[in-house]
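Student: Questions regarding the structure given below will be posed in turn.
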Amino acid sequence: MKRNSNWSILLKGLLKENPVFVLILGTCPTLATTTTVDGAFGMGIAALAVLVCSNILISLLRKVIPDSVRIPCYIVVIAGFVTIVQMIVQAFLPGLYVKLGVYLPLITVNCIILGRAEMFAGKNSVGKSALDGLGMGLGFTVALLAMSTIREVFGAASFAGIAIPFMENYKIEFLVKAPGGMLVYGCLIALVYVITKGRAPLKKSFSCAGCPNAANCQTGACEAAAEAEIEKGDA
Amino acid sequence: MFKSLIIILLSSVLVNNYVLSRFLGICPFLGVSKKLNQATGMGIAVTVVMLLATAVTWPLQLLLDKAGLGYMQTIVFILVIASLVQMLELLLKRFIPALHKGLGVYLPLITTNCAVLGVAINNITDGYNFLESLVSSLGVGLGFLLAMVLFSGLRSRIDETNIPKPFRGLAATLIAASFISLAFMGFAGIVEKMFA
């Protein structure tokens, strides 16, 4: 039974609670780095490394960090690991470093990492948090790979930089441009909804429960916004 | 000089719009764009924070470089932005409660808005001087506001239509965002032509 639950923690990140297609976290790197397969893979692995490390450390520190300042503490931990990853990539994979550019330091504000710290690592044991980080990171990587494969193969007629000869005359260049990314992302979300037969919680409305920022925002901020609006309407 | 500032401003509002062509700040763009007044509030709050963050981080980078701590950029910048947002919220609450009621609720969300950290880092990597950095931040903020306002109008239309079930919610929203982004691609090259 216990092994079962550990497996489910690891596997739920892949499809049922896929951070990109179901939880809708980390949208910015998903759209920005999926024009090429190798860039997307690099981004996925970098985020996976940061996610596992920060989940472990935050879980270890969960009894030390005071509740009221937990978000700044989480951000410092995450930013520290991002800097380490940034230095490693710069030293050993300079090509990838140039390709990812500003999106590499921006892993710091990737909602997946802060979201998992807040939703999972801050409340669970070290082992479980590491598994959760691994599962979510793999889910993120798989999602990025799926999106980048579609975009690069059909948009640029190549795969990870290797040209596919017979597709050269049938490139849909729209797909590697900005709007194409959003279009592919939207269609994939709908596809995952069909595959999971709608069992996964679909974000129907952007209330606090559906807000991508809900994990990071102070509790009640969105409700307060809604209330303020109602008051304004009354006045 | 003046001309180059105008070019920076216009190109960051229209051509290199952070939300629609650089994919920064997508979370609030999708999350808070449902109603026009919320979208405007968020857009203005982001613009203000971007300007303040740039005004602080640009000189700070000089200090970091002088001390040979350039690699600390990410940690220092995110801490500065997080504390700046907190301070702004406290100050607004204390001194301008009316404004806090309108904008304050959006402030906690801004810490994790990647557009703010993104513009702070990009200003450094693009090699802008202090004035250019401020202008570029203003442009990026205004571009964000423009995208939010345009998109909130579109969103209200989407809500009234009958969409196939799997596409309901975020999928349809993203596809609509794709069309707005497509429209903005039409601005490519317009700024350079204007001043050529």
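Residue numbering restarts at 1 for every chain of the structure tokens, chains are lettered A, B, ... in their displayed order, and ligands are numbered from 1 as they appear.
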Give the residues of chain B that lie within 6 Å of chain A; count only C-alpha atoms, and format the answer as a ChimeraX atom specification.
Tutor: /B:21,23-24,26,31,75,105,108-109,112,114,166-167,169,171,174-175,178,181-182
Student: From a DSSP pass on the backbone, collect the residues of chain B flagged as helix (DSSP H, G or I) and hand them back as a PyMOL selection string.
Tutor: chain B and resi 2-15+18-21+26-31+36-66+70-95+97-110+114-125+130-159+165-167+170-185+190-194
Student: If you run DSSP on this backbone, which residues of segment 26-227 of chain A come out as strand (DSSP E or B), and could you give them as a list of chain:residue names?
Tutor: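 Assigned to strand (DSSP E or B), within segment 26-227 of chain A: A:Ser158, A:Phe159, A:Ile162, A:Ala163.
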Student: Leaving out Arg116 of chain A and any residue of its chain fewer than 3 positions from it, which residues lie within 9 Å of it when counting only C-alpha atoms, given as a list in words?
Tutor: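 These residues fall inside the cut-off: Leu51, Asn55, Cys111, Ile112, Ile113, Met119, Phe120, Ala121, Gly122, Ser129, Asp132, Gly133, Met136 and Ala215 of chain A.
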Student: Name the residues in contact with segment 138-153 of chain A at a cut-off of 7 Å, using only C-alpha atoms, excluding same-chain residues fewer than 2 positions from it; report them as a PDB file with N, CA and C atoms, in the first residue's frame.
Tutor:
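Output saved as selection_4.pdb:
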```pdb
ATOM      1  N   GLY A  13       2.298  13.444 -11.569  1.00  0.00           N
ATOM      2  CA  GLY A  13       2.815  14.600 -12.288  1.00  0.00           C
ATOM      3  C   GLY A  13       2.831  14.416 -13.787  1.00  0.00           C
ATOM      4  N   LEU A  14       2.850  13.138 -14.226  1.00  0.00           N
ATOM      5  CA  LEU A  14       2.994  12.901 -15.662  1.00  0.00           C
ATOM      6  C   LEU A  14       1.732  13.251 -16.445  1.00  0.00           C
ATOM      7  N   ASN A  18      -0.557  16.860 -14.457  1.00  0.00           N
ATOM      8  CA  ASN A  18       0.539  17.436 -15.221  1.00  0.00           C
ATOM      9  C   ASN A  18       0.612  18.946 -14.992  1.00  0.00           C
ATOM     10  N   PRO A  19       1.778  19.446 -14.544  1.00  0.00           N
ATOM     11  CA  PRO A  19       1.847  20.859 -14.174  1.00  0.00           C
ATOM     12  C   PRO A  19       1.514  21.793 -15.336  1.00  0.00           C
ATOM     13  N   VAL A  20       1.845  21.374 -16.569  1.00  0.00           N
ATOM     14  CA  VAL A  20       1.665  22.288 -17.691  1.00  0.00           C
ATOM     15  C   VAL A  20       0.239  22.218 -18.249  1.00  0.00           C
ATOM     16  N   THR A  30       6.991  27.390 -20.939  1.00  0.00           N
ATOM     17  CA  THR A  30       6.376  26.423 -21.843  1.00  0.00           C
ATOM     18  C   THR A  30       6.206  27.026 -23.229  1.00  0.00           C
ATOM     19  N   THR A  34       9.800  26.304 -26.328  1.00  0.00           N
ATOM     20  CA  THR A  34       9.456  25.098 -27.067  1.00  0.00           C
ATOM     21  C   THR A  34       9.575  25.263 -28.577  1.00  0.00           C
ATOM     22  N   THR A  35      10.332  26.259 -29.052  1.00  0.00           N
ATOM     23  CA  THR A  35      10.497  26.370 -30.500  1.00  0.00           C
ATOM     24  C   THR A  35      11.449  25.307 -31.021  1.00  0.00           C
ATOM     25  N   THR A  36      12.372  24.829 -30.182  1.00  0.00           N
ATOM     26  CA  THR A  36      13.256  23.741 -30.595  1.00  0.00           C
ATOM     27  C   THR A  36      13.234  22.646 -29.544  1.00  0.00           C
ATOM     28  N   VAL A  37      13.425  21.390 -29.977  1.00  0.00           N
ATOM     29  CA  VAL A  37      13.352  20.263 -29.050  1.00  0.00           C
ATOM     30  C   VAL A  37      14.495  20.321 -28.043  1.00  0.00           C
ATOM     31  N   ALA A  40      13.891  22.956 -25.377  1.00  0.00           N
ATOM     32  CA  ALA A  40      12.832  22.534 -24.458  1.00  0.00           C
ATOM     33  C   ALA A  40      13.345  21.476 -23.493  1.00  0.00           C
ATOM     34  N   PHE A  41      14.155  20.532 -24.007  1.00  0.00           N
ATOM     35  CA  PHE A  41      14.700  19.476 -23.154  1.00  0.00           C
ATOM     36  C   PHE A  41      15.621  20.076 -22.093  1.00  0.00           C
ATOM     37  N   GLY A  44      13.533  21.782 -19.514  1.00  0.00           N
ATOM     38  CA  GLY A  44      12.856  20.802 -18.665  1.00  0.00           C
ATOM     39  C   GLY A  44      13.789  20.220 -17.622  1.00  0.00           C
ATOM     40  N   ILE A  45      15.000  19.833 -18.041  1.00  0.00           N
ATOM     41  CA  ILE A  45      15.942  19.222 -17.105  1.00  0.00           C
ATOM     42  C   ILE A  45      16.413  20.252 -16.075  1.00  0.00           C
ATOM     43  N   LEU A  48      13.712  20.656 -13.655  1.00  0.00           N
ATOM     44  CA  LEU A  48      13.611  19.431 -12.850  1.00  0.00           C
ATOM     45  C   LEU A  48      14.650  19.443 -11.736  1.00  0.00           C
ATOM     46  N   LEU A 134      10.398  15.196  -8.441  1.00  0.00           N
ATOM     47  CA  LEU A 134      10.820  14.402  -9.594  1.00  0.00           C
ATOM     48  C   LEU A 134       9.651  14.192 -10.560  1.00  0.00           C
ATOM     49  N   GLY A 135       8.494  13.825 -10.012  1.00  0.00           N
ATOM     50  CA  GLY A 135       7.321  13.581 -10.851  1.00  0.00           C
ATOM     51  C   GLY A 135       6.892  14.824 -11.593  1.00  0.00           C
ATOM     52  N   MET A 136       6.801  15.935 -10.866  1.00  0.00           N
ATOM     53  CA  MET A 136       6.375  17.183 -11.487  1.00  0.00           C
ATOM     54  C   MET A 136       7.393  17.635 -12.533  1.00  0.00           C
ATOM     55  N   GLY A 155       6.817  23.082 -37.786  1.00  0.00           N
ATOM     56  CA  GLY A 155       7.096  24.488 -38.038  1.00  0.00           C
ATOM     57  C   GLY A 155       8.435  24.727 -38.712  1.00  0.00           C
ATOM     58  N   ALA A 156       9.452  23.918 -38.361  1.00  0.00           N
ATOM     59  CA  ALA A 156      10.786  24.167 -38.901  1.00  0.00           C
ATOM     60  C   ALA A 156      11.317  22.965 -39.675  1.00  0.00           C
ATOM     61  N   ALA A 157      10.518  21.906 -39.796  1.00  0.00           N
ATOM     62  CA  ALA A 157      10.912  20.685 -40.519  1.00  0.00           C
ATOM     63  C   ALA A 157      12.239  20.130 -40.028  1.00  0.00           C
ATOM     64  N   SER A 158      12.428  20.130 -38.703  1.00  0.00           N
ATOM     65  CA  SER A 158      13.634  19.508 -38.159  1.00  0.00           C
ATOM     66  C   SER A 158      13.292  18.951 -36.781  1.00  0.00           C
ATOM     67  N   PHE A 159      14.195  18.083 -36.273  1.00  0.00           N
ATOM     68  CA  PHE A 159      13.993  17.552 -34.930  1.00  0.00           C
ATOM     69  C   PHE A 159      15.305  17.699 -34.166  1.00  0.00           C
ATOM     70  N   LEU A 175       3.952  28.043 -36.699  1.00  0.00           N
ATOM     71  CA  LEU A 175       4.030  27.294 -35.443  1.00  0.00           C
ATOM     72  C   LEU A 175       5.235  27.658 -34.593  1.00  0.00           C
ATOM     73  N   VAL A 176       6.340  28.047 -35.199  1.00  0.00           N
ATOM     74  CA  VAL A 176       7.493  28.404 -34.372  1.00  0.00           C
ATOM     75  C   VAL A 176       7.456  29.872 -33.947  1.00  0.00           C
TER      76      VAL A 176
END
```
Student: Contacts of segment 145-160 of chain B at 9 Å or less, counting only C-alpha atoms, minus same-chain residues fewer than 3 places along, as a PyMOL selection string?
Tutor: chain B and resi 13+17+19-20+28-30+32-44+46-47+140-142+163+169+172-173+176-177+180
Student: Got a sec: who's within 10 Å of Ala120 of chain B, counting only C-alpha atoms, leaving out chain neighbours fewer than 2 positions off, as a PyMOL selection string?
Tutor: chain B and resi 50-51+53-58+61+73-74+77-78+81+114-118+122-125+133-134+136-137
Student: Calculate how many Å separate atom CA of Met194 of chain B from atom CA of Gly127 of chain B, rounding to one decimal.
Tutor: 23.6 Å
